[in-house]
Each structure stands twice: as C-alpha cells, then as structure tokens.
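Below is target_13.txt, which holds compact mmCIF, C-alpha atoms.
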# COMPACT_ATOMS: atom_id res chain seq x y z
CA MET I 23 -136.14 259.38 -47.04
CA THR I 24 -138.50 256.53 -47.72
CA THR I 25 -142.00 256.33 -46.34
CA LYS I 26 -140.97 253.35 -44.29
CA ARG I 27 -138.18 255.32 -42.64
CA ILE I 28 -140.45 258.26 -41.91
CA THR I 29 -143.02 255.96 -40.36
CA THR I 30 -140.40 254.18 -38.26
CA ILE I 31 -138.98 257.42 -36.91
CA ALA I 32 -142.46 258.78 -36.19
CA MET I 33 -143.45 255.61 -34.37
CA LEU I 34 -140.29 255.48 -32.25
CA THR I 35 -140.62 259.17 -31.42
CA ALA I 36 -144.25 258.68 -30.41
CA ILE I 37 -143.36 255.81 -28.08
CA SER I 38 -140.56 257.73 -26.39
CA VAL I 39 -142.74 260.84 -26.00
CA VAL I 40 -145.48 258.81 -24.34
CA ILE I 41 -142.97 257.14 -22.00
CA ALA I 42 -141.41 260.50 -21.12
CA ILE I 43 -144.79 262.04 -20.35
CA ILE I 44 -145.96 259.12 -18.23
CA GLU I 45 -142.66 259.22 -16.37
CA SER I 46 -142.96 262.93 -15.65
CA TYR I 47 -145.92 262.14 -13.40
CA PHE I 48 -143.76 259.89 -11.23
CA ALA I 49 -141.07 262.37 -10.31
CA PHE I 50 -140.34 260.83 -6.90
CA LEU I 51 -136.61 260.58 -7.61
CA ASN I 52 -136.60 264.35 -7.87
CA SER I 53 -136.96 264.59 -4.12
CA ILE I 54 -133.73 262.63 -3.54
CA VAL I 55 -131.54 264.70 -5.83
CA PRO I 56 -133.12 267.60 -7.72
CA GLY I 57 -133.05 266.93 -11.44
CA LEU I 58 -132.77 263.19 -11.07
CA LYS I 59 -135.06 260.97 -13.09
CA LEU I 60 -135.16 257.47 -14.43
CA GLY I 61 -135.13 258.51 -18.07
CA LEU I 62 -137.12 255.51 -19.26
CA ALA I 63 -137.61 257.20 -22.62
CA ASN I 64 -133.95 256.47 -23.21
CA VAL I 65 -134.89 252.81 -23.63
CA ILE I 66 -136.22 253.77 -27.03
CA ILE I 67 -133.07 255.73 -27.86
CA VAL I 68 -130.80 252.81 -26.92
CA LEU I 69 -133.05 250.44 -28.85
CA THR I 70 -133.01 252.66 -31.92
CA LEU I 71 -129.24 252.97 -31.74
CA TYR I 72 -128.89 249.19 -31.79
CA ARG I 73 -131.74 248.25 -34.11
CA TYR I 74 -131.29 251.12 -36.58
CA ASN I 75 -128.43 253.61 -36.61
CA PHE I 76 -126.97 256.75 -35.07
CA LYS I 77 -128.79 259.15 -37.40
CA THR I 78 -132.20 257.65 -36.66
CA ALA I 79 -131.52 257.63 -32.92
CA LEU I 80 -130.36 261.25 -32.97
CA LEU I 81 -133.49 262.29 -34.89
CA VAL I 82 -135.79 260.43 -32.54
CA SER I 83 -134.01 261.84 -29.50
CA ILE I 84 -134.10 265.47 -30.63
CA MET I 85 -137.70 265.23 -31.79
CA ARG I 86 -138.65 263.73 -28.46
CA VAL I 87 -137.09 266.66 -26.60
CA PHE I 88 -138.97 269.15 -28.80
CA ILE I 89 -142.33 267.41 -28.51
CA VAL I 90 -142.12 266.81 -24.77
CA SER I 91 -141.15 270.46 -24.29
CA LEU I 92 -144.04 271.52 -26.47
CA ILE I 93 -146.69 269.63 -24.54
CA ARG I 94 -145.31 269.38 -21.02
CA THR I 95 -142.42 271.49 -19.86
CA GLY I 96 -142.24 274.46 -22.22
CA PHE I 97 -139.22 276.00 -23.86
CA GLY I 98 -137.54 277.34 -20.76
CA LEU I 99 -134.44 276.17 -18.97
CA ASN I 100 -135.75 272.60 -18.94
CA PHE I 101 -135.63 272.52 -22.69
CA PHE I 102 -131.93 273.36 -22.91
CA PHE I 103 -131.09 270.90 -20.15
CA SER I 104 -132.94 268.10 -21.94
CA LEU I 105 -131.56 268.95 -25.37
CA VAL I 106 -127.92 269.12 -24.30
CA GLY I 107 -128.30 266.04 -22.11
CA ALA I 108 -129.87 264.08 -24.95
CA ILE I 109 -127.20 265.04 -27.47
CA PHE I 110 -124.34 264.36 -25.05
CA SER I 111 -125.81 261.00 -24.16
CA ILE I 112 -126.36 259.81 -27.70
CA VAL I 113 -122.95 260.94 -28.98
CA ALA I 114 -121.27 259.19 -26.05
CA MET I 115 -123.27 256.01 -26.68
CA VAL I 116 -122.37 255.85 -30.34
CA LEU I 117 -118.70 256.38 -29.47
CA VAL I 118 -118.56 253.52 -26.96
CA LYS I 119 -120.86 251.21 -28.91
CA LYS I 120 -117.94 249.83 -30.91
CA THR I 121 -116.00 248.83 -27.79
CA LYS I 122 -116.43 245.59 -25.86
CA LEU I 123 -119.19 247.07 -23.73
CA SER I 124 -122.53 245.28 -23.86
CA ILE I 125 -125.80 247.14 -24.34
CA ILE I 126 -125.96 247.65 -20.56
CA GLY I 127 -122.53 249.29 -20.42
CA VAL I 128 -123.40 251.50 -23.38
CA SER I 129 -126.60 252.59 -21.68
CA ILE I 130 -124.70 253.39 -18.46
CA VAL I 131 -122.26 255.56 -20.42
CA GLY I 132 -125.20 257.29 -22.07
CA SER I 133 -126.77 257.85 -18.70
CA ILE I 134 -123.68 259.43 -17.09
CA CYS I 135 -122.96 261.60 -20.11
CA HIS I 136 -126.54 262.82 -19.93
CA SER I 137 -125.82 263.97 -16.37
CA ILE I 138 -122.45 265.48 -17.27
CA GLY I 139 -124.00 267.38 -20.17
CA GLN I 140 -126.72 268.75 -17.94
CA VAL I 141 -124.28 269.85 -15.26
CA LEU I 142 -122.12 271.57 -17.90
CA ILE I 143 -125.07 273.42 -19.42
CA GLY I 144 -126.23 274.27 -15.90
CA ILE I 145 -122.88 275.87 -15.13
CA MET I 146 -123.02 277.75 -18.44
CA ILE I 147 -126.63 278.97 -18.35
CA LEU I 148 -127.04 279.63 -14.64
CA ASP I 149 -123.44 280.79 -14.32
CA ASN I 150 -123.23 279.00 -11.01
CA ASN I 151 -120.31 276.64 -10.40
CA ASN I 152 -121.99 275.15 -7.35
CA ILE I 153 -124.09 272.90 -9.55
CA VAL I 154 -121.01 270.74 -9.89
CA TYR I 155 -121.72 269.49 -6.37
CA TYR I 156 -124.66 267.52 -7.79
CA LEU I 157 -122.36 265.61 -10.11
CA PRO I 158 -121.21 262.84 -7.70
CA TYR I 159 -124.83 262.05 -6.81
CA LEU I 160 -125.95 262.17 -10.42
CA LEU I 161 -123.06 259.89 -11.44
CA LEU I 162 -123.88 257.38 -8.72
CA PHE I 163 -127.57 257.27 -9.61
CA SER I 164 -126.71 256.95 -13.30
CA ILE I 165 -125.50 253.41 -12.67
CA PRO I 166 -128.83 251.86 -11.57
CA THR I 167 -130.80 253.85 -14.15
CA GLY I 168 -128.32 252.89 -16.87
CA VAL I 169 -128.48 249.22 -15.89
CA VAL I 170 -132.29 249.20 -15.81
CA ILE I 171 -132.54 250.92 -19.19
CA GLY I 172 -129.92 248.64 -20.71
CA MET I 173 -131.67 245.52 -19.43
CA ILE I 174 -135.07 246.60 -20.73
CA ALA I 175 -133.57 247.48 -24.12
CA LYS I 176 -131.83 244.10 -24.27
CA LYS I 177 -135.05 242.23 -23.49
CA VAL I 178 -137.03 244.17 -26.09
CA LEU I 179 -134.31 243.65 -28.71
CA ALA I 180 -134.42 239.91 -28.05
CA TYR I 181 -138.12 239.83 -28.94
CA ASP I 182 -137.33 241.87 -32.03
CA ILE I 183 -140.74 243.49 -32.15
CA PHE I 184 -139.30 246.08 -34.50
CA LYS I 185 -138.61 243.45 -37.11
CA ASN I 186 -139.17 244.65 -40.64
CA MET D 18 -123.52 242.27 -18.43
CA ASN D 19 -119.89 241.48 -19.14
CA ARG D 20 -116.52 242.27 -17.64
CA SER D 21 -116.06 245.62 -19.35
CA ASP D 22 -119.48 246.69 -18.07
CA LEU D 23 -118.42 245.92 -14.53
CA LYS D 24 -115.17 247.81 -15.11
CA ILE D 25 -117.03 250.88 -16.24
CA ILE D 26 -119.37 250.67 -13.25
CA ALA D 27 -116.38 250.44 -10.90
CA PHE D 28 -114.78 253.37 -12.66
CA ILE D 29 -117.89 255.52 -12.28
CA ILE D 30 -118.24 254.68 -8.58
CA LEU D 31 -114.59 255.61 -8.10
CA LEU D 32 -115.03 258.83 -10.06
CA ALA D 33 -118.11 259.76 -8.02
CA LEU D 34 -116.24 259.07 -4.77
CA VAL D 35 -113.20 261.09 -5.81
CA LEU D 36 -115.40 263.97 -6.92
CA TYR D 37 -117.42 263.81 -3.72
CA LEU D 38 -114.34 263.78 -1.49
CA GLY D 39 -112.58 266.44 -3.56
CA LEU D 40 -115.55 268.76 -3.50
CA ASN D 41 -116.13 268.22 0.20
CA LEU D 42 -112.54 268.95 1.13
CA MET D 43 -112.95 272.34 -0.48
CA LYS D 44 -116.12 273.23 1.35
CA LYS D 45 -116.17 275.44 4.41
CA GLU D 46 -118.79 276.38 6.88
CA GLY D 47 -119.75 279.92 6.12
CA ASN D 48 -120.94 282.70 8.30
CA ILE D 49 -122.60 284.96 5.79
CA ALA D 50 -125.19 284.25 3.14
CA SER D 51 -125.61 286.19 -0.08
CA ILE D 52 -129.05 286.21 -1.63
CA TYR D 53 -129.30 286.67 -5.35
CA TYR D 54 -132.23 287.24 -7.69
CA GLU D 55 -130.92 286.00 -11.04
CA ASP D 56 -127.53 287.73 -11.10
CA ASP D 57 -128.33 290.61 -8.79
CA LEU D 58 -127.17 290.54 -5.22
CA LEU D 59 -130.24 291.41 -3.14
CA MET D 60 -128.68 291.30 0.29
CA THR D 61 -126.03 289.73 2.45
CA VAL D 62 -127.14 288.36 5.78
CA ASP D 63 -125.19 287.46 8.88
CA LEU D 64 -125.76 283.83 9.89
CA ASN D 65 -124.90 284.51 13.52
CA THR D 66 -128.01 286.61 14.11
CA ASP D 67 -131.29 284.70 14.22
CA LYS D 68 -133.76 286.60 12.12
CA GLU D 69 -136.27 286.26 9.31
CA TYR D 70 -135.93 288.00 5.98
CA VAL D 71 -138.35 288.48 3.12
CA VAL D 72 -137.24 288.83 -0.48
CA SER D 73 -139.44 288.94 -3.54
CA GLY D 74 -138.93 286.18 -6.06
CA GLN D 75 -140.43 285.46 -9.43
CA LEU D 76 -143.54 283.81 -7.96
CA GLY D 77 -144.02 285.98 -4.89
CA ASP D 78 -142.36 286.56 -1.55
CA VAL D 79 -139.71 284.15 -0.32
CA ILE D 80 -139.32 284.02 3.45
CA LEU D 81 -135.85 283.11 4.69
CA GLU D 82 -135.04 282.10 8.22
CA VAL D 83 -131.64 282.30 9.91
CA LYS D 84 -131.30 280.15 13.00
CA ASN D 85 -128.31 278.71 14.86
CA GLY D 86 -125.83 279.82 12.23
CA LYS D 87 -127.80 278.27 9.37
CA ILE D 88 -130.16 279.57 6.76
CA ARG D 89 -133.19 278.04 5.11
CA VAL D 90 -136.11 278.96 2.93
CA LYS D 91 -139.10 278.94 5.23
CA GLU D 92 -141.90 279.69 2.82
CA GLU D 93 -142.11 280.21 -0.89
CA ASN D 94 -144.43 279.73 -3.81
CA SER D 95 -143.15 277.13 -6.20
CA PRO D 96 -144.67 274.06 -7.80
CA ARG D 97 -142.75 271.49 -5.76
CA HIS D 98 -141.32 273.48 -2.86
CA LEU D 99 -137.91 271.93 -3.43
CA CYS D 100 -135.96 274.76 -1.81
CA SER D 101 -138.01 274.82 1.37
CA LEU D 102 -137.82 271.02 1.57
CA GLN D 103 -134.03 271.27 1.33
CA GLY D 104 -133.88 272.67 4.86
CA TYR D 105 -131.03 274.45 6.55
CA THR D 106 -127.61 275.04 5.05
CA ASN D 107 -124.44 276.60 6.33
CA SER D 108 -122.06 275.17 3.79
CA SER D 109 -120.65 276.87 0.73
CA SER D 110 -121.05 273.61 -1.17
CA LYS D 111 -124.78 273.41 -0.51
CA PRO D 112 -126.35 276.54 -1.91
CA ILE D 113 -130.11 276.83 -1.88
CA ILE D 114 -131.29 277.28 -5.41
CA CYS D 115 -134.92 278.13 -5.96
CA LEU D 116 -135.20 278.09 -9.72
CA PRO D 117 -138.92 278.86 -10.03
CA ASN D 118 -138.36 281.95 -7.91
CA LYS D 119 -134.96 282.70 -9.44
CA ILE D 120 -133.56 283.07 -5.94
CA ILE D 121 -130.11 281.72 -5.14
CA ILE D 122 -128.63 281.69 -1.65
CA LYS D 123 -124.89 281.19 -1.42
CA VAL D 124 -123.09 280.80 1.86
CA SER D 125 -119.59 282.16 2.17
CA ASN D 126 -117.01 282.88 4.78
CA VAL D 127 -115.66 286.21 5.90
CA SER D 128 -113.40 284.96 8.67
CA ASP D 129 -110.44 286.62 7.05
CA ILE D 130 -112.11 289.98 7.55
CA ASP D 131 -111.94 291.56 10.99
CA GLY D 132 -115.62 292.31 11.24
CA VAL D 133 -118.71 293.13 9.32
CA VAL D 134 -121.20 295.78 10.32
CA TYR D 135 -124.79 295.41 9.22
Take the structure in the file and give it back as structure tokens.
Amino acid sequence: MTTKRITTIAMLTAISVVIAIIESYFAFLNSIVPGLKLGLANVIIVLTLYRYNFKTALLVSIMRVFIVSLIRTGFGLNFFFSLVGAIFSIVAMVLVKKTKLSIIGVSIVGSICHSIGQVLIGIMILDNNNIVYYLPYLLLFSIPTGVVIGMIAKKVLAYDIFKN
Amino acid sequence: MNRSDLKIIAFIILLALVLYLGLNLMKKEGNIASIYYEDDLLMTVDLNTDKEYVVSGQLGDVILEVKNGKIRVKEENSPRHLCSLQGYTNSSSKPIICLPNKIIIKVSNVSDIDGVVY
C-alpha cells in the first residue's frame, strides 16, 4: 500500500464521516418512516467506486461505519444495521456497475440494497418478521435518495477534483 | 439518466407496490395485543376494554392506552419519542416497536377462539 493510497483512503473516509455526522443532525426523514435517511455519505462511496475501485470503496465504507459508530451512535444495534447495509449496498453497486446503468441507476441499486440489507438484518437480530412491512416504504424512498446521490456524484466526477 | 435507469426505477416502484399490496392483503385487524420486553411476553391485553397499562421498559415506565379497539403508547422515555408519535394501531401489520425501551407491541386476532377471560 503506497503512501498515496493510504492518504487517498484516509481523505475519502474523513469526508464521508463528516457528511454522515452533519446529516445525523437533520434526521427529519426519520419521522416519515423510522430508519429512513438520505445517506448523503454514500455520495463519497459512489464516487470512490467510479474514480478508484471496489476495494478502495469497500475500505472507505467500512471505515466510515466504524468511525461514525465510534463518535456518534455507539456499537449497538445501529452499528450492525449500518455495517450490513453498507456492505450490501456496495456489493450490489459493483455488481450492476458493469451493466448499461448510468451512475444514477447504480446509486439507486445501492440505495435499495442498503434498505434490503437493513431489513434482513433487522429480521435476524430483532427476530421480528414485522419489520418487512417497512420494506415497501424504504424501497419507494430509495428512488429519490438514489437519484439525488447519483446526480451529486456525477457532478463531482465531472469536475474531477480527485484528479491525481 | 438513461433508459435502463428508468427501467430500474419502474421496476422498483412495481416491486414496492406488489410488496405493499401483498403485505396488506395478509393483515387483519386484531383484537388482542401482546406486549413484549425483548423476547419475553409481559402481558396480553384485550383491545375491546378501554384501559391504561404500565409496563417497565429499558428507560423507565411505558404507559399504554387502549381506546376504541386500538392501542397506543401514551408516554415513554426515549430520545425521539417515535413510538408515542406513531399513535394508535389495531393492525397486525403495524406493530409498535419502541427500540430504546425494548418494548414491542404486536396485535393479533383471537376470533377463532370462543372467548378469552382476563
């Protein structure tokens, strides 16, 4: 691992942590459907996936979950929800990245798989099948959030501020 | 955004609709509510009798109110008060889940039983 790579990963992680923390203060979507959020930090993950590669994006994503848990939410249930959601989302995105989908479509797929992962882990950890009733709402709200994240990522990529 | 993006959006909307309809066809209005703390059944209450109940949750007492065949969380201590904001429920598909207090209220139906004595 070169110094440059370490620095890049650290920088991307730092940006996504800051975005996630700022976003956690604006949890208004939570009152519509519990557990719903914009997930703006995923902009960085989508960006990393496109600008760098899967391994970098996975690293940044997992480190973000750990650091945000460490300073904001703690290592309780939230932590497992975030971790599983993040891994589901990134694996799904890398799988559909090679198809005809644009960056917006890829980000939508990431967004819905994040929700699906969280519902699955919810059913497993809480042992309560009723959580599945959230899924239609989460799926529906994944579309606007996915589109917004995809559009932001596209704009940022066009400026290429992460140019070497 | 290209054509395949729009296709995937349409697919997700369809999936959400199918799931929503499918899940709602299965739901029934219930007449009893079971109150759980984590996995333990604390009590079962009859939704046809208007009454208030108090159970102790993780963060203190949780006050439940049964009124007009529905149940709600009236008062509780939690950071965002999500479960008391949720309001009344009488449907098996809309459980009240109060995670900070570890209290779960599930509504179910006992119509196939002749009667329940409390």
Counting all atoms listed in the file, figure out which residue out of D:Met18, D:Ala27, D:Leu58, D:Ala33 gets nearest to Lys123 of chain D. D:Leu58
Can you write out as CSV which residues of chain I fall within 7 Å of chain D, alongside each residue's closest atom pair and its distance in Å to one decimal, counting all atoms listed in the file and ordering rows by chain and ascending residue number?
residue,atom,partner,partner_atom,distance
I:Lys122,CA,D:Ser21,CA,6.5
I:Leu123,CA,D:Ser21,CA,5.6
I:Ser124,CA,D:Met18,CA,6.3
I:Ile126,CA,D:Met18,CA,6.3
I:Gly127,CA,D:Asp22,CA,4.6
I:Asn152,CA,D:Ser110,CA,6.4
I:Tyr155,CA,D:Ser110,CA,6.7
I:Pro158,CA,D:Ala33,CA,4.4
I:Leu161,CA,D:Ala33,CA,6.0
I:Leu162,CA,D:Ile30,CA,6.3
I:Ile165,CA,D:Ile26,CA,6.7
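Coordinates place atom CA of Tyr159 of chain I at a distance of 23.7 Å from atom CA of Val87 of chain I.
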Exercise on segment 37-55 of chain D, axis-aligned box with 8 Å per side, report centre and edge lengths in Å to one decimal, as AutoDock Vina command-line options:
--center_x -122.4 --center_y 275.5 --center_z -1.4 --size_x 35.7 --size_y 39.5 --size_z 35.3
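In this comparison, which uses all atoms listed in the file, the residue of I:Asn64, I:Leu148, I:Ile43, I:Val154 approaching Leu92 of chain I most closely is I:Ile43.
Going from atom CA of Tyr74 of chain I over to atom CA of Phe101 of chain I, you cover 25.9 Å.
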Interatomic distance (Å, one decimal) between atom CA of Ser51 of chain D and atom CA of Thr106 of chain D: 12.4 Å
Could you give me, as JSON, numbers by chain, the residues within 9 Å of Leu99 of chain I, counting all atoms listed in the file and dropping anything in the same chain fewer than 5 positions from it? {"I": [104, 144, 147]}
Find the residues around Arg89 of chain D up to 7 Å (all atoms listed in the file counted), leave out those fewer than 6 positions away in its own chain, and share them as a list in words. Leu81, Glu82, Val83, Ser101, Gly104, Tyr105 and Thr106 of chain D
Env of Ala114 of chain I: 8 Å cut, atoms = only C-alpha atoms, seq-sep filter 5 positions within chain, self excluded. Answer as a PDB file with C-alpha atoms, keeping the file's coordinate frame.
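In the end it all went to result20.pdb:
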ATOM      1  CA  VAL I 131    -122.260 255.560 -20.420  1.00  0.00           C
ATOM      2  CA  GLY I 132    -125.200 257.290 -22.070  1.00  0.00           C
ATOM      3  CA  CYS I 135    -122.960 261.600 -20.110  1.00  0.00           C
TER       4      CYS I 135
END
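Nearest to Val79 of chain D of all the residues D:Asn107, D:Asn118, D:Thr61, D:Asn48 is D:Asn118, counting all atoms listed in the file.
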Pick from I:Phe76, I:Gly98, I:Leu142, I:Val169, whichever lies nearest to Leu117 of chain I using all atoms listed in the file: I:Phe76
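Among the candidates I:Ala42, I:Met115, I:Val106, I:Ile143, the one nearest to Thr70 of chain I when counting only C-alpha atoms is I:Met115.
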Find the residues with any atom within 9 Å of (-122.8, 265.0, -17.0); use only C-alpha atoms and the coordinates as given in the file, and write the answer as a PyMOL selection string. chain I and resi 107+110-111+133-142+157+160-161
